[in-house]
$ cat target-v8.tsv   # TSV, N, CA and C atoms
chain	number	residue	atom	x	y	z
W	1	MET	N	54.22	-59.21	-39.79
W	1	MET	CA	55.62	-58.85	-39.69
W	1	MET	C	56.25	-58.85	-41.07
W	2	ASN	N	57.24	-58.02	-41.22
W	2	ASN	CA	57.94	-57.93	-42.48
W	2	ASN	C	58.88	-59.12	-42.61
W	3	PRO	N	58.67	-59.99	-43.61
W	3	PRO	CA	59.52	-61.17	-43.74
W	3	PRO	C	60.96	-60.85	-44.08
W	4	SER	N	61.25	-59.62	-44.56
W	4	SER	CA	62.63	-59.27	-44.89
W	4	SER	C	63.46	-58.95	-43.64
W	5	ILE	N	62.81	-58.84	-42.49
W	5	ILE	CA	63.53	-58.57	-41.24
W	5	ILE	C	63.98	-59.91	-40.67
W	6	PRO	N	65.28	-60.11	-40.48
W	6	PRO	CA	65.75	-61.40	-39.95
W	6	PRO	C	65.08	-61.72	-38.62
W	7	SER	N	64.79	-62.99	-38.41
W	7	SER	CA	64.06	-63.39	-37.19
W	7	SER	C	64.80	-62.99	-35.93
W	8	ALA	N	66.13	-62.98	-35.94
W	8	ALA	CA	66.89	-62.59	-34.75
W	8	ALA	C	66.67	-61.12	-34.40
W	9	SER	N	66.20	-60.34	-35.37
W	9	SER	CA	65.99	-58.91	-35.15
W	9	SER	C	64.55	-58.59	-34.78
W	10	ARG	N	63.68	-59.55	-34.84
W	10	ARG	CA	62.27	-59.28	-34.59
W	10	ARG	C	62.01	-59.10	-33.10
W	11	THR	N	61.24	-58.06	-32.78
W	11	THR	CA	60.96	-57.75	-31.39
W	11	THR	C	59.49	-57.42	-31.23
W	12	ARG	N	59.10	-57.21	-29.98
W	12	ARG	CA	57.70	-56.86	-29.68
W	12	ARG	C	57.25	-55.61	-30.42
W	13	LEU	N	58.15	-54.65	-30.57
W	13	LEU	CA	57.78	-53.40	-31.23
W	13	LEU	C	57.25	-53.63	-32.64
W	14	LEU	N	57.76	-54.62	-33.34
W	14	LEU	CA	57.32	-54.85	-34.72
W	14	LEU	C	55.82	-55.06	-34.82
W	15	ARG	N	55.22	-55.65	-33.80
W	15	ARG	CA	53.76	-55.85	-33.81
W	15	ARG	C	53.01	-54.53	-33.68
W	16	GLU	N	53.71	-53.50	-33.26
W	16	GLU	CA	53.09	-52.20	-33.04
W	16	GLU	C	53.46	-51.16	-34.10
W	17	LEU	N	54.00	-51.61	-35.21
W	17	LEU	CA	54.30	-50.71	-36.32
W	17	LEU	C	53.18	-50.80	-37.34
W	18	ARG	N	52.79	-49.66	-37.87
W	18	ARG	CA	51.72	-49.61	-38.87
W	18	ARG	C	52.28	-49.05	-40.17
W	19	LEU	N	52.01	-49.76	-41.26
W	19	LEU	CA	52.46	-49.39	-42.60
W	19	LEU	C	51.37	-48.57	-43.28
W	20	ASP	N	51.74	-47.42	-43.82
W	20	ASP	CA	50.74	-46.61	-44.53
W	20	ASP	C	50.83	-46.87	-46.04
W	21	ALA	N	49.95	-46.26	-46.79
W	21	ALA	CA	49.85	-46.49	-48.23
W	21	ALA	C	51.10	-46.05	-48.99
W	22	GLU	N	51.87	-45.14	-48.42
W	22	GLU	CA	53.09	-44.66	-49.08
W	22	GLU	C	54.32	-45.48	-48.70
W	23	GLY	N	54.16	-46.51	-47.86
W	23	GLY	CA	55.28	-47.36	-47.49
W	23	GLY	C	56.07	-46.91	-46.28
W	24	PHE	N	55.45	-46.08	-45.45
W	24	PHE	CA	56.12	-45.61	-44.23
W	24	PHE	C	55.53	-46.26	-43.00
W	25	LEU	N	56.39	-46.48	-42.01
W	25	LEU	CA	55.98	-47.10	-40.75
W	25	LEU	C	55.89	-46.06	-39.64
W	26	THR	N	54.89	-46.20	-38.79
W	26	THR	CA	54.81	-45.42	-37.56
W	26	THR	C	54.47	-46.38	-36.43
W	27	ALA	N	54.93	-46.06	-35.25
W	27	ALA	CA	54.66	-46.88	-34.07
W	27	ALA	C	53.35	-46.42	-33.44
W	28	THR	N	52.60	-47.38	-32.94
W	28	THR	CA	51.35	-47.06	-32.24
W	28	THR	C	51.69	-46.44	-30.89
W	29	PRO	N	50.72	-45.76	-30.28
W	29	PRO	CA	50.95	-45.25	-28.92
W	29	PRO	C	51.37	-46.37	-27.96
W	30	LYS	N	50.76	-47.54	-28.10
W	30	LYS	CA	51.12	-48.68	-27.25
W	30	LYS	C	52.57	-49.09	-27.50
W	31	GLY	N	52.98	-49.12	-28.76
W	31	GLY	CA	54.35	-49.49	-29.09
W	31	GLY	C	55.36	-48.54	-28.48
W	32	ILE	N	55.05	-47.26	-28.53
W	32	ILE	CA	55.97	-46.28	-27.94
W	32	ILE	C	55.99	-46.43	-26.42
W	33	ALA	N	54.83	-46.53	-25.81
W	33	ALA	CA	54.75	-46.60	-24.34
W	33	ALA	C	55.34	-47.89	-23.78
W	34	GLU	N	55.13	-49.01	-24.45
W	34	GLU	CA	55.54	-50.29	-23.88
W	34	GLU	C	56.84	-50.85	-24.45
W	35	ASP	N	57.19	-50.45	-25.67
W	35	ASP	CA	58.30	-51.12	-26.34
W	35	ASP	C	59.41	-50.21	-26.84
W	36	MET	N	59.21	-48.91	-26.77
W	36	MET	CA	60.22	-48.01	-27.30
W	36	MET	C	60.71	-47.02	-26.25
W	37	ALA	N	59.82	-46.57	-25.41
W	37	ALA	CA	60.14	-45.54	-24.42
W	37	ALA	C	59.58	-45.90	-23.06
W	38	GLN	N	59.61	-47.17	-22.73
W	38	GLN	CA	58.93	-47.68	-21.54
W	38	GLN	C	59.43	-47.11	-20.22
W	39	ASP	N	60.64	-46.57	-20.17
W	39	ASP	CA	61.11	-46.01	-18.91
W	39	ASP	C	61.10	-44.48	-18.89
W	40	LEU	N	60.39	-43.89	-19.84
W	40	LEU	CA	60.21	-42.44	-19.84
W	40	LEU	C	58.85	-42.08	-19.25
W	41	PRO	N	58.70	-40.87	-18.73
W	41	PRO	CA	57.41	-40.45	-18.17
W	41	PRO	C	56.31	-40.48	-19.25
W	42	GLU	N	55.09	-40.71	-18.80
W	42	GLU	CA	53.95	-40.80	-19.72
W	42	GLU	C	53.82	-39.56	-20.61
W	43	LYS	N	54.03	-38.39	-20.05
W	43	LYS	CA	53.94	-37.15	-20.84
W	43	LYS	C	54.94	-37.17	-21.99
W	44	GLU	N	56.14	-37.62	-21.72
W	44	GLU	CA	57.16	-37.69	-22.76
W	44	GLU	C	56.80	-38.73	-23.82
W	45	GLN	N	56.20	-39.84	-23.39
W	45	GLN	CA	55.74	-40.86	-24.33
W	45	GLN	C	54.66	-40.27	-25.25
W	46	GLN	N	53.78	-39.48	-24.70
W	46	GLN	CA	52.73	-38.85	-25.50
W	46	GLN	C	53.33	-37.88	-26.53
W	47	ILE	N	54.33	-37.13	-26.11
W	47	ILE	CA	55.00	-36.20	-27.04
W	47	ILE	C	55.68	-36.99	-28.15
W	48	LEU	N	56.35	-38.08	-27.80
W	48	LEU	CA	57.00	-38.92	-28.81
W	48	LEU	C	55.99	-39.48	-29.80
W	49	THR	N	54.84	-39.91	-29.30
W	49	THR	CA	53.79	-40.44	-30.17
W	49	THR	C	53.33	-39.37	-31.15
W	50	ALA	N	53.12	-38.17	-30.66
W	50	ALA	CA	52.60	-37.09	-31.49
W	50	ALA	C	53.62	-36.56	-32.49
W	51	THR	N	54.90	-36.68	-32.19
W	51	THR	CA	55.92	-36.03	-33.03
W	51	THR	C	56.84	-37.00	-33.76
W	52	GLN	N	56.58	-38.28	-33.62
W	52	GLN	CA	57.50	-39.25	-34.23
W	52	GLN	C	57.61	-39.07	-35.74
W	53	GLY	N	58.79	-39.30	-36.24
W	53	GLY	CA	59.01	-39.29	-37.68
W	53	GLY	C	58.70	-40.67	-38.23
W	54	GLN	N	58.36	-40.72	-39.47
W	54	GLN	CA	58.07	-42.00	-40.10
W	54	GLN	C	59.36	-42.65	-40.57
W	55	THR	N	59.33	-43.96	-40.65
W	55	THR	CA	60.45	-44.74	-41.16
W	55	THR	C	60.03	-45.41	-42.45
W	56	ALA	N	60.82	-45.28	-43.48
W	56	ALA	CA	60.52	-45.96	-44.74
W	56	ALA	C	60.71	-47.45	-44.53
W	57	ALA	N	59.68	-48.23	-44.79
W	57	ALA	CA	59.75	-49.68	-44.61
W	57	ALA	C	60.86	-50.29	-45.46
W	58	ALA	N	61.18	-49.66	-46.56
W	58	ALA	CA	62.21	-50.17	-47.47
W	58	ALA	C	63.58	-50.28	-46.82
W	59	VAL	N	63.83	-49.53	-45.73
W	59	VAL	CA	65.16	-49.59	-45.10
W	59	VAL	C	65.47	-50.97	-44.56
W	60	PHE	N	64.44	-51.75	-44.21
W	60	PHE	CA	64.69	-53.07	-43.64
W	60	PHE	C	65.24	-54.05	-44.67
W	61	GLY	N	65.06	-53.78	-45.94
W	61	GLY	CA	65.59	-54.65	-46.98
W	61	GLY	C	66.73	-54.02	-47.75
W	62	ALA	N	67.15	-52.82	-47.36
W	62	ALA	CA	68.19	-52.09	-48.10
W	62	ALA	C	69.55	-52.76	-47.94
W	63	LYS	N	70.33	-52.71	-48.99
W	63	LYS	CA	71.68	-53.25	-48.99
W	63	LYS	C	72.68	-52.11	-48.83
W	64	VAL	N	73.63	-52.29	-47.93
W	64	VAL	CA	74.68	-51.30	-47.72
W	64	VAL	C	75.82	-51.65	-48.67
W	65	THR	N	76.28	-50.68	-49.44
W	65	THR	CA	77.37	-50.94	-50.38
W	65	THR	C	78.74	-50.63	-49.78
W	66	THR	N	78.83	-49.60	-48.96
W	66	THR	CA	80.08	-49.24	-48.31
W	66	THR	C	79.79	-48.92	-46.85
W	67	ALA	N	80.22	-49.79	-45.97
W	67	ALA	CA	79.98	-49.60	-44.55
W	67	ALA	C	81.07	-48.70	-43.96
W	68	ALA	N	80.67	-47.59	-43.37
W	68	ALA	CA	81.63	-46.62	-42.81
W	68	ALA	C	82.51	-47.26	-41.74
W	69	TRP	N	81.98	-48.19	-40.97
W	69	TRP	CA	82.76	-48.78	-39.89
W	69	TRP	C	83.99	-49.54	-40.39
W	70	LYS	N	84.02	-49.88	-41.67
W	70	LYS	CA	85.18	-50.60	-42.19
W	70	LYS	C	86.42	-49.72	-42.29
W	71	SER	N	86.21	-48.42	-42.38
W	71	SER	CA	87.35	-47.52	-42.53
W	71	SER	C	87.39	-46.41	-41.48
W	72	LYS	N	86.41	-46.38	-40.59
W	72	LYS	CA	86.36	-45.33	-39.57
W	72	LYS	C	86.10	-45.96	-38.20
W	73	PRO	N	86.60	-45.32	-37.14
W	73	PRO	CA	86.31	-45.84	-35.80
W	73	PRO	C	84.81	-45.69	-35.51
W	74	SER	N	84.33	-46.56	-34.64
W	74	SER	CA	82.89	-46.57	-34.34
W	74	SER	C	82.65	-46.57	-32.84
W	75	TRP	N	81.51	-46.03	-32.45
W	75	TRP	CA	81.06	-46.02	-31.07
W	75	TRP	C	79.62	-46.48	-31.06
W	76	ALA	N	79.21	-47.09	-29.95
W	76	ALA	CA	77.84	-47.60	-29.87
W	76	ALA	C	77.31	-47.50	-28.46
W	77	VAL	N	76.01	-47.22	-28.38
W	77	VAL	CA	75.29	-47.30	-27.12
W	77	VAL	C	74.43	-48.56	-27.21
W	78	ILE	N	74.63	-49.46	-26.28
W	78	ILE	CA	73.82	-50.67	-26.22
W	78	ILE	C	72.75	-50.44	-25.17
W	79	ALA	N	71.52	-50.53	-25.61
W	79	ALA	CA	70.38	-50.29	-24.71
W	79	ALA	C	69.95	-51.63	-24.11
W	80	GLY	N	70.29	-51.83	-22.86
W	80	GLY	CA	70.07	-53.11	-22.20
W	80	GLY	C	68.62	-53.52	-22.04
W	81	ASN	N	67.70	-52.57	-22.11
W	81	ASN	CA	66.27	-52.88	-21.99
W	81	ASN	C	65.52	-52.55	-23.28
W	82	ASP	N	66.25	-52.58	-24.39
W	82	ASP	CA	65.67	-52.24	-25.68
W	82	ASP	C	64.66	-53.31	-26.10
W	83	ARG	N	63.50	-52.86	-26.54
W	83	ARG	CA	62.47	-53.76	-27.05
W	83	ARG	C	62.22	-53.50	-28.54
W	84	ALA	N	63.05	-52.63	-29.13
W	84	ALA	CA	62.96	-52.37	-30.57
W	84	ALA	C	64.05	-53.14	-31.31
W	85	ILE	N	65.23	-53.22	-30.71
W	85	ILE	CA	66.34	-54.00	-31.24
W	85	ILE	C	66.82	-54.88	-30.08
W	86	PRO	N	66.95	-56.18	-30.28
W	86	PRO	CA	67.41	-57.04	-29.18
W	86	PRO	C	68.78	-56.59	-28.66
W	87	PRO	N	68.91	-56.39	-27.35
W	87	PRO	CA	70.21	-55.95	-26.79
W	87	PRO	C	71.37	-56.87	-27.18
W	88	GLN	N	71.13	-58.16	-27.27
W	88	GLN	CA	72.22	-59.06	-27.66
W	88	GLN	C	72.66	-58.79	-29.09
W	89	LEU	N	71.72	-58.47	-29.96
W	89	LEU	CA	72.07	-58.11	-31.33
W	89	LEU	C	72.90	-56.82	-31.35
W	90	GLU	N	72.51	-55.85	-30.52
W	90	GLU	CA	73.28	-54.61	-30.42
W	90	GLU	C	74.71	-54.91	-29.97
W	91	LYS	N	74.86	-55.77	-28.96
W	91	LYS	CA	76.19	-56.14	-28.46
W	91	LYS	C	77.01	-56.84	-29.54
W	92	ASP	N	76.37	-57.78	-30.23
W	92	ASP	CA	77.07	-58.54	-31.27
W	92	ASP	C	77.52	-57.63	-32.41
W	93	GLU	N	76.65	-56.70	-32.81
W	93	GLU	CA	77.02	-55.79	-33.89
W	93	GLU	C	78.15	-54.85	-33.46
W	94	ALA	N	78.08	-54.34	-32.24
W	94	ALA	CA	79.15	-53.47	-31.74
W	94	ALA	C	80.48	-54.22	-31.71
W	95	ALA	N	80.44	-55.46	-31.27
W	95	ALA	CA	81.67	-56.27	-31.23
W	95	ALA	C	82.19	-56.53	-32.64
W	96	ALA	N	81.30	-56.82	-33.56
W	96	ALA	CA	81.70	-57.12	-34.94
W	96	ALA	C	82.41	-55.95	-35.61
W	97	ILE	N	81.99	-54.75	-35.28
W	97	ILE	CA	82.62	-53.57	-35.90
W	97	ILE	C	83.69	-52.95	-35.00
W	98	LYS	N	83.98	-53.65	-33.91
W	98	LYS	CA	85.01	-53.20	-32.95
W	98	LYS	C	84.72	-51.80	-32.43
W	99	ALA	N	83.46	-51.56	-32.12
W	99	ALA	CA	83.03	-50.25	-31.61
W	99	ALA	C	83.40	-50.10	-30.14
W	100	THR	N	83.77	-48.89	-29.78
W	100	THR	CA	83.86	-48.53	-28.38
W	100	THR	C	82.42	-48.36	-27.93
W	101	SER	N	82.03	-49.11	-26.92
W	101	SER	CA	80.61	-49.07	-26.56
W	101	SER	C	80.39	-48.97	-25.06
W	102	ILE	N	79.19	-48.54	-24.75
W	102	ILE	CA	78.72	-48.54	-23.36
W	102	ILE	C	77.36	-49.23	-23.36
W	103	THR	N	77.05	-49.87	-22.26
W	103	THR	CA	75.74	-50.49	-22.10
W	103	THR	C	75.00	-49.73	-21.01
W	104	LEU	N	73.81	-49.30	-21.33
W	104	LEU	CA	72.96	-48.58	-20.39
W	104	LEU	C	71.68	-49.38	-20.21
W	105	GLN	N	71.20	-49.48	-18.99
W	105	GLN	CA	69.93	-50.17	-18.74
W	105	GLN	C	68.81	-49.20	-19.07
W	106	THR	N	68.47	-49.15	-20.33
W	106	THR	CA	67.53	-48.16	-20.84
W	106	THR	C	66.72	-48.72	-21.99
W	107	ASN	N	65.73	-47.95	-22.38
W	107	ASN	CA	64.89	-48.28	-23.53
W	107	ASN	C	65.63	-47.98	-24.83
W	108	HIS	N	64.92	-48.09	-25.94
W	108	HIS	CA	65.48	-47.84	-27.27
W	108	HIS	C	65.98	-46.41	-27.42
W	109	LEU	N	65.40	-45.49	-26.70
W	109	LEU	CA	65.73	-44.07	-26.84
W	109	LEU	C	66.68	-43.63	-25.73
W	110	ALA	N	67.85	-44.23	-25.72
W	110	ALA	CA	68.83	-43.98	-24.66
W	110	ALA	C	69.18	-42.51	-24.53
W	111	MET	N	69.19	-41.79	-25.65
W	111	MET	CA	69.56	-40.38	-25.60
W	111	MET	C	68.56	-39.54	-24.82
W	112	LEU	N	67.33	-40.04	-24.67
W	112	LEU	CA	66.32	-39.32	-23.90
W	112	LEU	C	66.31	-39.73	-22.43
W	113	SER	N	66.55	-41.00	-22.17
W	113	SER	CA	66.51	-41.46	-20.78
W	113	SER	C	67.85	-41.35	-20.07
W	114	HIS	N	68.94	-41.34	-20.81
W	114	HIS	CA	70.29	-41.21	-20.23
W	114	HIS	C	71.10	-40.20	-21.04
W	115	PRO	N	70.65	-38.97	-21.13
W	115	PRO	CA	71.33	-38.00	-22.01
W	115	PRO	C	72.78	-37.72	-21.61
W	116	ARG	N	73.07	-37.69	-20.33
W	116	ARG	CA	74.44	-37.38	-19.90
W	116	ARG	C	75.41	-38.46	-20.37
W	117	GLU	N	75.07	-39.71	-20.17
W	117	GLU	CA	75.95	-40.80	-20.55
W	117	GLU	C	76.14	-40.86	-22.07
W	118	VAL	N	75.07	-40.64	-22.82
W	118	VAL	CA	75.16	-40.64	-24.28
W	118	VAL	C	76.01	-39.47	-24.75
W	119	ALA	N	75.82	-38.29	-24.15
W	119	ALA	CA	76.61	-37.12	-24.52
W	119	ALA	C	78.09	-37.35	-24.22
W	120	GLU	N	78.39	-38.00	-23.11
W	120	GLU	CA	79.80	-38.28	-22.77
W	120	GLU	C	80.44	-39.20	-23.81
W	121	LEU	N	79.70	-40.19	-24.28
W	121	LEU	CA	80.24	-41.08	-25.31
W	121	LEU	C	80.46	-40.32	-26.62
W	122	ILE	N	79.54	-39.45	-26.96
W	122	ILE	CA	79.69	-38.62	-28.17
W	122	ILE	C	80.90	-37.71	-28.04
W	123	GLU	N	81.10	-37.15	-26.86
W	123	GLU	CA	82.27	-36.28	-26.65
W	123	GLU	C	83.57	-37.09	-26.77
W	124	GLN	N	83.59	-38.30	-26.25
W	124	GLN	CA	84.78	-39.16	-26.39
W	124	GLN	C	85.04	-39.45	-27.86
W	125	ALA	N	83.98	-39.75	-28.60
W	125	ALA	CA	84.13	-40.04	-30.03
W	125	ALA	C	84.66	-38.83	-30.77
W	126	ALA	N	84.11	-37.66	-30.47
W	126	ALA	CA	84.55	-36.43	-31.14
W	126	ALA	C	86.01	-36.13	-30.84
W	127	ALA	N	86.42	-36.35	-29.60
W	127	ALA	CA	87.81	-36.08	-29.22
W	127	ALA	C	88.77	-37.00	-29.96
W	128	LYS	N	88.39	-38.25	-30.16
W	128	LYS	CA	89.26	-39.20	-30.86
W	128	LYS	C	89.24	-39.00	-32.37
W	129	ALA	N	88.21	-38.37	-32.88
W	129	ALA	CA	88.07	-38.17	-34.33
W	129	ALA	C	88.90	-37.00	-34.82
W	130	LYS	N	89.44	-36.21	-33.91
W	130	LYS	CA	90.23	-35.03	-34.31
W	130	LYS	C	91.53	-35.41	-34.95
$ encode --input "target-v8.tsv" --output "C-alpha cells"
Amino acid sequence: MNPSIPSASRTRLLRELRLDAEGFLTATPKGIAEDMAQDLPEKEQQILTATQGQTAAAVFGAKVTTAAWKSKPSWAVIAGNDRAIPPQLEKDEAAAIKATSITLQTNHLAMLSHPREVAELIEQAAAKAK
C-alpha cells in the first residue's frame, strides 16, 4: 500500500491496484469486479477492465494550492457501497465543503449504476450555477 494515502482512506481496492514502471496505477480485473463496480453486470465489468484509464500514483501525495470549493458551490454523490473510497469519508468531505449531496446505494461508479440520479444532480448544479 502507498504510505502517503491516509489510513482512513485505505480500502480493499488498494490491494488490487498495480503500479507500472512509469508510475501509473491500474486496477486488476478482481479489483474492478469486487471493489469498484461490484453491482454492475459482468459484461460491463469486463469492458471497464479493458478500457480503464490509468491513474498517476503521484496524485495521492499531491498538494492542492487553491480548492475550488472555497469559492464555488459544490455538489457530491456519496456512494453508499463504495469500496474505493470509504462512504463515511465521502460524507465527511461533502459536509466539510458544504456540498449539496445525495447518497446512492451504489458502487464507486455511481454514474454507471445510477445514471438518472447522477444526471439529475448535475442538472440541479448546472441550474444553480447560472
$ atom_distance --input "target-v8.tsv" --atom1 "atom C of Thr55 in chain W" --atom2 "CA of Leu25 in chain W"
4.7 Å
$ residues_around --input "target-v8.tsv" --residues "range 10-24 of chain W" --least-positions-apart "2" --cutoff "6 Å" --atoms "only C-alpha atoms" --output "JSON, numbers by chain"
{"W": [7, 8, 26, 27, 28, 31, 35, 54, 55, 56, 57, 84]}
$ closest_residue --input "target-v8.tsv" --among "W:Glu123, W:Gln88, W:Arg116, W:Ala79" --to "Leu104 in chain W" --atoms "only C-alpha atoms"
W:Ala79
$ residues_near_point --input "target-v8.tsv" --point "(86.3, -48.6, -24.5)" --cutoff "10 Å" --atoms "only C-alpha atoms" --output "MDAnalysis selection string"
chainID W and resid 75 98:102 121 124
$ atom_distance --input "target-v8.tsv" --atom1 "CA of Ala95 in chain W" --atom2 "atom C of Met111 in chain W"
22.2 Å
$ closest_residue --input "target-v8.tsv" --among "W:Glu34, W:Leu89, W:Pro73, W:Leu40" --to "Ala129 in chain W" --atoms "only N, CA and C atoms"
W:Pro73
$ atom_distance --input "target-v8.tsv" --atom1 "atom N of Ala67 in chain W" --atom2 "atom N of Ala126 in chain W"
20.1 Å
$ closest_residue --input "target-v8.tsv" --among "W:Ile47, W:Val77, W:Ala68, W:Ala125" --to "Thr103 in chain W" --atoms "all atoms listed in the file"
W:Val77
$ residues_around --input "target-v8.tsv" --residues "Ala50 in chain W" --least-positions-apart "5" --cutoff "8 Å" --atoms "all atoms listed in the file" --output "mmCIF file with N, CA and C atoms, in the coordinates of the input"
data_model
loop_
_atom_site.group_PDB
_atom_site.id
_atom_site.type_symbol
_atom_site.label_atom_id
_atom_site.label_comp_id
_atom_site.auth_asym_id
_atom_site.auth_seq_id
_atom_site.Cartn_x
_atom_site.Cartn_y
_atom_site.Cartn_z
ATOM 1 N N PRO W 29 50.720 -45.760 -30.280
ATOM 2 C CA PRO W 29 50.950 -45.250 -28.920
ATOM 3 C C PRO W 29 51.370 -46.370 -27.960
ATOM 4 N N GLU W 44 56.140 -37.620 -21.720
ATOM 5 C CA GLU W 44 57.160 -37.690 -22.760
ATOM 6 C C GLU W 44 56.800 -38.730 -23.820
ATOM 7 N N GLN W 45 56.200 -39.840 -23.390
ATOM 8 C CA GLN W 45 55.740 -40.860 -24.330
ATOM 9 C C GLN W 45 54.660 -40.270 -25.250
#
$ select_by_dssp --input "target-v8.tsv" --residues "chain W" --states "strand (DSSP E or B)" --output "JSON, numbers by chain"
{"W": [17, 18, 19, 24, 25, 26, 27, 55, 56, 75, 76, 77, 78, 79, 100, 101, 102, 103, 104]}
$ build_atoms --input "target-v8.tsv" --residues "range 21-33 of chain W" --atoms "N, CA, C and O atoms" --output "CSV table (one decimal), in the frame of the given file"
chain,number,residue,atom,x,y,z
W,21,ALA,N,50.0,-46.3,-46.8
W,21,ALA,CA,49.8,-46.5,-48.2
W,21,ALA,C,51.1,-46.0,-49.0
W,21,ALA,O,51.4,-46.5,-50.1
W,22,GLU,N,51.9,-45.1,-48.4
W,22,GLU,CA,53.1,-44.7,-49.1
W,22,GLU,C,54.3,-45.5,-48.7
W,22,GLU,O,55.4,-45.2,-49.1
W,23,GLY,N,54.2,-46.5,-47.9
W,23,GLY,CA,55.3,-47.4,-47.5
W,23,GLY,C,56.1,-46.9,-46.3
W,23,GLY,O,57.2,-47.3,-46.1
W,24,PHE,N,55.4,-46.1,-45.4
W,24,PHE,CA,56.1,-45.6,-44.2
W,24,PHE,C,55.5,-46.3,-43.0
W,24,PHE,O,54.3,-46.5,-42.9
W,25,LEU,N,56.4,-46.5,-42.0
W,25,LEU,CA,56.0,-47.1,-40.8
W,25,LEU,C,55.9,-46.1,-39.6
W,25,LEU,O,56.7,-45.2,-39.6
W,26,THR,N,54.9,-46.2,-38.8
W,26,THR,CA,54.8,-45.4,-37.6
W,26,THR,C,54.5,-46.4,-36.4
W,26,THR,O,53.8,-47.4,-36.6
W,27,ALA,N,54.9,-46.1,-35.2
W,27,ALA,CA,54.7,-46.9,-34.1
W,27,ALA,C,53.4,-46.4,-33.4
W,27,ALA,O,53.0,-45.2,-33.4
W,28,THR,N,52.6,-47.4,-32.9
W,28,THR,CA,51.4,-47.1,-32.2
W,28,THR,C,51.7,-46.4,-30.9
W,28,THR,O,52.8,-46.6,-30.4
W,29,PRO,N,50.7,-45.8,-30.3
W,29,PRO,CA,51.0,-45.2,-28.9
W,29,PRO,C,51.4,-46.4,-28.0
W,29,PRO,O,52.3,-46.2,-27.1
W,30,LYS,N,50.8,-47.5,-28.1
W,30,LYS,CA,51.1,-48.7,-27.2
W,30,LYS,C,52.6,-49.1,-27.5
W,30,LYS,O,53.3,-49.4,-26.6
W,31,GLY,N,53.0,-49.1,-28.8
W,31,GLY,CA,54.4,-49.5,-29.1
W,31,GLY,C,55.4,-48.5,-28.5
W,31,GLY,O,56.4,-49.0,-28.0
W,32,ILE,N,55.0,-47.3,-28.5
W,32,ILE,CA,56.0,-46.3,-27.9
W,32,ILE,C,56.0,-46.4,-26.4
W,32,ILE,O,57.1,-46.5,-25.8
W,33,ALA,N,54.8,-46.5,-25.8
W,33,ALA,CA,54.8,-46.6,-24.3
W,33,ALA,C,55.3,-47.9,-23.8
W,33,ALA,O,56.0,-47.9,-22.7
